[in-house]
Amino acid sequence: MQSSIGRSSGSPLDKRTRFYNKLDIESEDAKELMNFLGSSPCLWETHRLQPNEFKTLLPRCYVNDNIISRYMTLLSERANQENNLFMDTCFFGQLKNAFLKDPLTGEYKYHQERSAIRRTNNKYDIQNKKLIFLPVHYPPLHWVLVVVDIIQLNIYNVDGLSSPQQNDDPVALDRLFLVQAWLDWVIGKQNWEFIDSSQRPDQIDHYNCGIFTIMTADFWSDMLNPKDCYSSTDADFFRYKIAIDILRQKLFY
């Protein structure tokens, strides 16, 4: 079974589709690869990933956070991504440690002078970036993507399980306020707008959230609308593609 992505000849995905059509997740090579993922001890030496972490790319598994972080690194190494910033899965936890919420005002305030956040700010020229992609863990097992558009002053909450009725979800709003506090601390106060993005396909299960997070960052950073690029039925195909990309240490297009 191959992916249904890029069906129309005039699709902006034509470039990717030529490569995607070479992948067949029902081929013998694919089956051997997926079996290899859960058994090879050499994965740590070459990829700093444990076999049990790689095994989470098998169908119907919750993707390990280190898989997401590794793929964010691959996205950052893609050509023409100099103006975009891809955070790893630890970054949001570092934000939570660096900012405290004032119980009276509800505002987040920076309180750690020697935190990892300060080192991150020193490492990247954040105010001169265009887009920031930030995977966020939503306990106990859910992953969402926060996308910051520095130019348009928008902070997007991208959650495949959200709906218009959840726009006022206090947990979602709280994580956006935390990201806003960080941005205001780094580049000065701005009139940020929170947007619950519809620029993603609907997730019809609970275990593909990590795949949705990865692929949304992939397509969005490549100036493509994720909603037009894939659906839940493509999840197993992308699990295979992500595995190949990580093993090759290079994106498959």
# chains A, B, ... in the order shown; residues from 1 in each chain; ligands from 1
>>> closest_atom_pairs(of="stretch 83-168 of chain A", to="stretch 197-205 of chain A", cutoff="6 Å", atoms="only C-alpha atoms", output="JSON lines")
{"residue": "A:Tyr156", "atom": "CA", "partner": "A:Ser197", "partner_atom": "CA", "distance": 5.8}
{"residue": "A:Asn157", "atom": "CA", "partner": "A:Ser197", "partner_atom": "CA", "distance": 5.8}
{"residue": "A:Val158", "atom": "CA", "partner": "A:Ser197", "partner_atom": "CA", "distance": 5.3}
{"residue": "A:Gly160", "atom": "CA", "partner": "A:Gln203", "partner_atom": "CA", "distance": 4.7}
{"residue": "A:Leu161", "atom": "CA", "partner": "A:Gln203", "partner_atom": "CA", "distance": 5.6}
>>> residues_around(residues="stretch 216-233 of chain A", least_positions_apart="3", cutoff="9 Å", atoms="only C-alpha atoms", output="VMD selection string")
chain A and resid 3 to 6 12 to 13 72 75 80 to 81 84 86 131 133 to 135 145 147 158 198 to 205 208 211 to 213 236 to 237
>>> write_last_selection(atoms="N, CA and C atoms", output="CSV table (one decimal), in the first residue's frame")
chain,number,residue,atom,x,y,z
A,3,SER,N,1.1,5.6,-0.3
A,3,SER,CA,0.4,6.8,0.3
A,3,SER,C,-0.5,7.3,-0.8
A,4,SER,N,-1.6,7.9,-0.3
A,4,SER,CA,-2.6,8.6,-1.2
A,4,SER,C,-2.2,10.0,-1.4
A,5,ILE,N,-1.1,10.5,-0.9
A,5,ILE,CA,-0.7,11.9,-0.9
A,5,ILE,C,-0.4,12.3,-2.4
A,6,GLY,N,-0.8,13.5,-2.7
A,6,GLY,CA,-0.5,14.1,-4.0
A,6,GLY,C,-1.2,13.5,-5.1
A,12,PRO,N,0.7,20.9,-5.3
A,12,PRO,CA,2.0,21.4,-4.9
A,12,PRO,C,2.9,20.3,-4.3
A,13,LEU,N,2.3,19.1,-4.1
A,13,LEU,CA,3.2,18.0,-3.6
A,13,LEU,C,3.8,17.2,-4.6
A,72,MET,N,13.0,16.4,14.4
A,72,MET,CA,13.1,17.9,14.4
A,72,MET,C,14.5,18.3,14.0
A,75,LEU,N,14.7,18.0,10.3
A,75,LEU,CA,14.0,19.1,9.6
A,75,LEU,C,14.9,20.4,9.6
A,80,ASN,N,17.2,25.5,3.2
A,80,ASN,CA,16.3,26.6,3.2
A,80,ASN,C,15.5,26.7,4.5
A,81,GLN,N,16.1,26.2,5.6
A,81,GLN,CA,15.4,26.3,6.9
A,81,GLN,C,16.2,27.2,7.9
A,84,ASN,N,14.0,29.2,10.2
A,84,ASN,CA,13.1,28.5,11.0
A,84,ASN,C,13.8,27.8,12.2
A,86,PHE,N,13.5,24.7,15.1
A,86,PHE,CA,12.9,23.4,15.5
A,86,PHE,C,13.3,23.0,16.9
A,131,LEU,N,9.7,31.2,11.7
A,131,LEU,CA,8.8,30.3,12.3
A,131,LEU,C,9.6,29.5,13.4
A,133,PHE,N,9.0,25.9,15.7
A,133,PHE,CA,8.1,24.7,15.8
A,133,PHE,C,8.5,24.0,17.1
A,134,LEU,N,7.5,23.9,18.0
A,134,LEU,CA,7.7,23.5,19.4
A,134,LEU,C,6.8,22.3,19.7
A,135,PRO,N,7.3,21.1,19.7
A,135,PRO,CA,6.4,19.9,20.1
A,135,PRO,C,6.2,20.0,21.6
A,145,LEU,N,1.5,20.3,18.5
A,145,LEU,CA,2.6,21.2,18.0
A,145,LEU,C,2.2,22.7,18.2
A,147,VAL,N,3.2,26.3,16.9
A,147,VAL,CA,3.9,27.0,15.8
A,147,VAL,C,3.9,28.5,16.1
A,158,VAL,N,-1.7,23.5,17.3
A,158,VAL,CA,-2.0,22.5,16.3
A,158,VAL,C,-2.2,21.2,16.9
A,198,SER,N,-6.7,25.2,12.1
A,198,SER,CA,-7.4,24.2,11.3
A,198,SER,C,-6.5,23.7,10.2
A,199,GLN,N,-5.2,24.2,10.2
A,199,GLN,CA,-4.3,23.9,9.1
A,199,GLN,C,-3.6,22.5,9.4
A,200,ARG,N,-4.5,21.5,9.7
A,200,ARG,CA,-4.0,20.2,9.9
A,200,ARG,C,-5.2,19.2,9.7
A,201,PRO,N,-4.9,18.0,9.3
A,201,PRO,CA,-6.0,17.0,9.2
A,201,PRO,C,-6.5,16.6,10.5
A,202,ASP,N,-7.7,16.0,10.6
A,202,ASP,CA,-8.2,15.5,11.8
A,202,ASP,C,-7.6,14.1,12.1
A,203,GLN,N,-7.3,14.0,13.4
A,203,GLN,CA,-6.7,12.7,13.9
A,203,GLN,C,-7.9,11.9,14.4
A,204,ILE,N,-8.0,10.6,13.8
A,204,ILE,CA,-9.2,9.8,14.1
A,204,ILE,C,-8.8,8.7,15.2
A,205,ASP,N,-7.6,8.8,15.7
A,205,ASP,CA,-7.2,7.8,16.8
A,205,ASP,C,-6.5,8.6,17.8
A,208,ASN,N,-1.6,8.2,17.0
A,208,ASN,CA,-0.8,8.8,16.0
A,208,ASN,C,-0.4,10.3,16.2
A,211,ILE,N,3.1,11.2,15.2
A,211,ILE,CA,3.3,11.3,13.7
A,211,ILE,C,2.7,12.6,13.2
A,212,PHE,N,1.5,13.0,13.7
A,212,PHE,CA,0.9,14.2,13.3
A,212,PHE,C,1.8,15.4,13.6
A,213,THR,N,2.4,15.4,14.8
A,213,THR,CA,3.2,16.5,15.2
A,213,THR,C,4.4,16.6,14.3
A,236,ASP,N,0.6,5.1,8.8
A,236,ASP,CA,1.6,4.0,8.7
A,236,ASP,C,2.6,4.2,7.7
A,237,PHE,N,2.2,4.8,6.6
A,237,PHE,CA,3.2,5.2,5.5
A,237,PHE,C,4.2,6.1,6.0
>>> residues_around(residues="A:Gln127", least_positions_apart="3", cutoff="10 Å", atoms="only C-alpha atoms", output="JSON, numbers by chain")
{"A": [121, 124, 130, 150, 151, 183, 186, 187, 188]}
>>> write_last_selection(atoms="N, CA and C atoms", output="compact mmCIF listing (two decimals), in the first residue's frame")
# COMPACT_ATOMS: atom_id res chain seq x y z
N ASN A 121 18.40 30.84 24.30
CA ASN A 121 18.28 32.18 23.73
C ASN A 121 19.62 32.68 23.20
N TYR A 124 20.49 30.73 19.73
CA TYR A 124 19.74 31.04 18.52
C TYR A 124 19.37 32.53 18.48
N LYS A 130 11.77 33.22 11.47
CA LYS A 130 10.44 33.39 10.88
C LYS A 130 9.42 32.51 11.58
N ILE A 150 6.79 34.51 13.89
CA ILE A 150 7.39 35.73 14.42
C ILE A 150 6.97 36.95 13.58
N ILE A 151 6.85 36.76 12.28
CA ILE A 151 6.52 37.88 11.39
C ILE A 151 5.09 38.35 11.60
N LEU A 183 8.41 34.38 24.70
CA LEU A 183 8.67 35.26 23.56
C LEU A 183 8.78 36.72 24.00
N VAL A 186 12.09 37.28 25.51
CA VAL A 186 13.21 37.24 24.57
C VAL A 186 13.24 38.46 23.66
N ILE A 187 12.09 38.81 23.07
CA ILE A 187 12.09 39.86 22.04
C ILE A 187 11.27 41.09 22.42
N GLY A 188 10.75 41.10 23.65
CA GLY A 188 9.94 42.25 24.07
C GLY A 188 8.46 41.98 23.84
>>> closest_atom_pairs(of="stretch 96-162 of chain A", to="stretch 168-176 of chain A", cutoff="10 Å", atoms="only C-alpha atoms", output="Markdown table")
| residue | atom | partner | partner_atom | distance |
| --- | --- | --- | --- | --- |
| A:Lys96 | CA | A:Arg175 | CA | 9.1 |
| A:Lys101 | CA | A:Asp174 | CA | 9.9 |
| A:Gly106 | CA | A:Asp174 | CA | 9.4 |
| A:Glu107 | CA | A:Asp174 | CA | 9.7 |
| A:Tyr108 | CA | A:Asp174 | CA | 9.6 |
| A:Val136 | CA | A:Arg175 | CA | 8.6 |
| A:Tyr138 | CA | A:Val171 | CA | 8.8 |
| A:Val144 | CA | A:Ala172 | CA | 9.5 |
| A:Val146 | CA | A:Leu176 | CA | 7.8 |
| A:Val147 | CA | A:Leu176 | CA | 9.9 |
| A:Val148 | CA | A:Leu176 | CA | 9.8 |
| A:Ile155 | CA | A:Leu176 | CA | 7.1 |
| A:Tyr156 | CA | A:Leu176 | CA | 8.1 |
| A:Asn157 | CA | A:Ala172 | CA | 7.3 |
| A:Val158 | CA | A:Ala172 | CA | 9.8 |
| A:Asp159 | CA | A:Ala172 | CA | 9.3 |
| A:Ser162 | CA | A:Asp169 | CA | 9.2 |
>>> atom_distance(atom1="atom CA of A:Ile242", atom2="atom CA of A:Phe92")
22.7 Å
>>> residues_around(residues="A:Ala116", least_positions_apart="3", cutoff="8 Å", atoms="only C-alpha atoms", output="PyMOL selection string")
chain A and resi 94+119-120
>>> write_last_selection(atoms="C-alpha atoms", output="short mmCIF file (atom, residue, chain, number, x, y, z; two decimals), in the first residue's frame")
data_model
loop_
_atom_site.label_atom_id
_atom_site.label_comp_id
_atom_site.auth_asym_id
_atom_site.auth_seq_id
_atom_site.Cartn_x
_atom_site.Cartn_y
_atom_site.Cartn_z
CA GLN A 94 12.44 23.72 30.31
CA ARG A 119 21.39 29.15 26.99
CA THR A 120 18.87 28.47 24.23
#
>>> select_by_dssp(residues="stretch 37-100 of chain A", states="helix (DSSP H, G or I)", output="PyMOL selection string")
chain A and resi 37+43-47+51-57+65-76+91-98
>>> write_last_selection(atoms="N, CA and C atoms", output="compact mmCIF listing (two decimals), in the first residue's frame")
# COMPACT_ATOMS: atom_id res chain seq x y z
N LEU A 37 13.82 -2.57 13.40
CA LEU A 37 13.70 -1.45 14.32
C LEU A 37 13.66 -1.89 15.77
N LEU A 43 21.62 0.73 16.99
CA LEU A 43 20.92 2.00 16.81
C LEU A 43 21.45 3.07 17.76
N TRP A 44 21.84 2.68 18.95
CA TRP A 44 22.33 3.67 19.91
C TRP A 44 23.66 4.26 19.44
N GLU A 45 24.53 3.44 18.91
CA GLU A 45 25.84 3.91 18.48
C GLU A 45 25.74 4.93 17.34
N THR A 46 24.83 4.69 16.41
CA THR A 46 24.75 5.55 15.22
C THR A 46 23.72 6.65 15.33
N HIS A 47 22.66 6.43 16.11
CA HIS A 47 21.55 7.39 16.13
C HIS A 47 21.18 7.88 17.52
N PRO A 51 16.73 0.56 20.77
CA PRO A 51 15.83 -0.24 19.93
C PRO A 51 14.36 -0.12 20.34
N ASN A 52 14.11 -0.06 21.67
CA ASN A 52 12.71 0.04 22.09
C ASN A 52 12.10 1.40 21.73
N GLU A 53 12.95 2.43 21.57
CA GLU A 53 12.46 3.73 21.12
C GLU A 53 12.11 3.68 19.63
N PHE A 54 12.97 3.05 18.86
CA PHE A 54 12.70 2.90 17.43
C PHE A 54 11.45 2.06 17.20
N LYS A 55 11.23 1.10 18.09
CA LYS A 55 10.09 0.20 17.94
C LYS A 55 8.76 0.94 18.03
N THR A 56 8.76 2.13 18.60
CA THR A 56 7.52 2.89 18.71
C THR A 56 7.06 3.43 17.36
N LEU A 57 7.87 3.26 16.31
CA LEU A 57 7.44 3.62 14.96
C LEU A 57 6.62 2.52 14.30
N ASP A 65 9.37 10.22 22.53
CA ASP A 65 9.76 11.63 22.42
C ASP A 65 11.11 11.80 21.74
N ASN A 66 12.04 10.85 21.92
CA ASN A 66 13.34 10.97 21.28
C ASN A 66 13.26 10.82 19.77
N ILE A 67 12.28 10.07 19.29
CA ILE A 67 12.04 9.97 17.85
C ILE A 67 11.62 11.35 17.32
N ILE A 68 10.71 12.00 18.03
CA ILE A 68 10.24 13.32 17.61
C ILE A 68 11.40 14.32 17.60
N SER A 69 12.21 14.30 18.66
CA SER A 69 13.35 15.22 18.74
C SER A 69 14.35 14.97 17.61
N ARG A 70 14.61 13.70 17.33
CA ARG A 70 15.57 13.38 16.26
C ARG A 70 15.06 13.89 14.92
N TYR A 71 13.76 13.78 14.71
CA TYR A 71 13.23 14.22 13.42
C TYR A 71 13.22 15.74 13.32
N MET A 72 13.00 16.42 14.44
CA MET A 72 13.07 17.88 14.43
C MET A 72 14.48 18.32 14.02
N THR A 73 15.48 17.58 14.46
CA THR A 73 16.85 17.89 14.05
C THR A 73 17.02 17.71 12.55
N LEU A 74 16.46 16.63 11.99
CA LEU A 74 16.55 16.42 10.55
C LEU A 74 15.86 17.54 9.79
N LEU A 75 14.73 18.00 10.29
CA LEU A 75 14.02 19.09 9.62
C LEU A 75 14.86 20.36 9.64
N SER A 76 15.56 20.60 10.74
CA SER A 76 16.38 21.81 10.84
C SER A 76 17.57 21.76 9.89
N PHE A 91 12.21 21.04 25.34
CA PHE A 91 12.21 22.49 25.48
C PHE A 91 11.01 23.01 26.26
N PHE A 92 9.82 22.47 26.01
CA PHE A 92 8.65 22.98 26.71
C PHE A 92 8.75 22.71 28.20
N GLY A 93 9.31 21.57 28.59
CA GLY A 93 9.53 21.31 30.00
C GLY A 93 10.51 22.30 30.62
N GLN A 94 11.51 22.70 29.83
CA GLN A 94 12.44 23.72 30.31
C GLN A 94 11.75 25.06 30.50
N LEU A 95 10.80 25.36 29.62
CA LEU A 95 10.01 26.60 29.78
C LEU A 95 9.24 26.57 31.09
N LYS A 96 8.63 25.44 31.38
CA LYS A 96 7.83 25.32 32.60
C LYS A 96 8.69 25.47 33.85
N ASN A 97 9.96 25.05 33.76
CA ASN A 97 10.86 25.20 34.89
C ASN A 97 11.39 26.62 35.03
N ALA A 98 11.47 27.32 33.91
CA ALA A 98 12.07 28.66 33.92
C ALA A 98 11.08 29.77 34.24
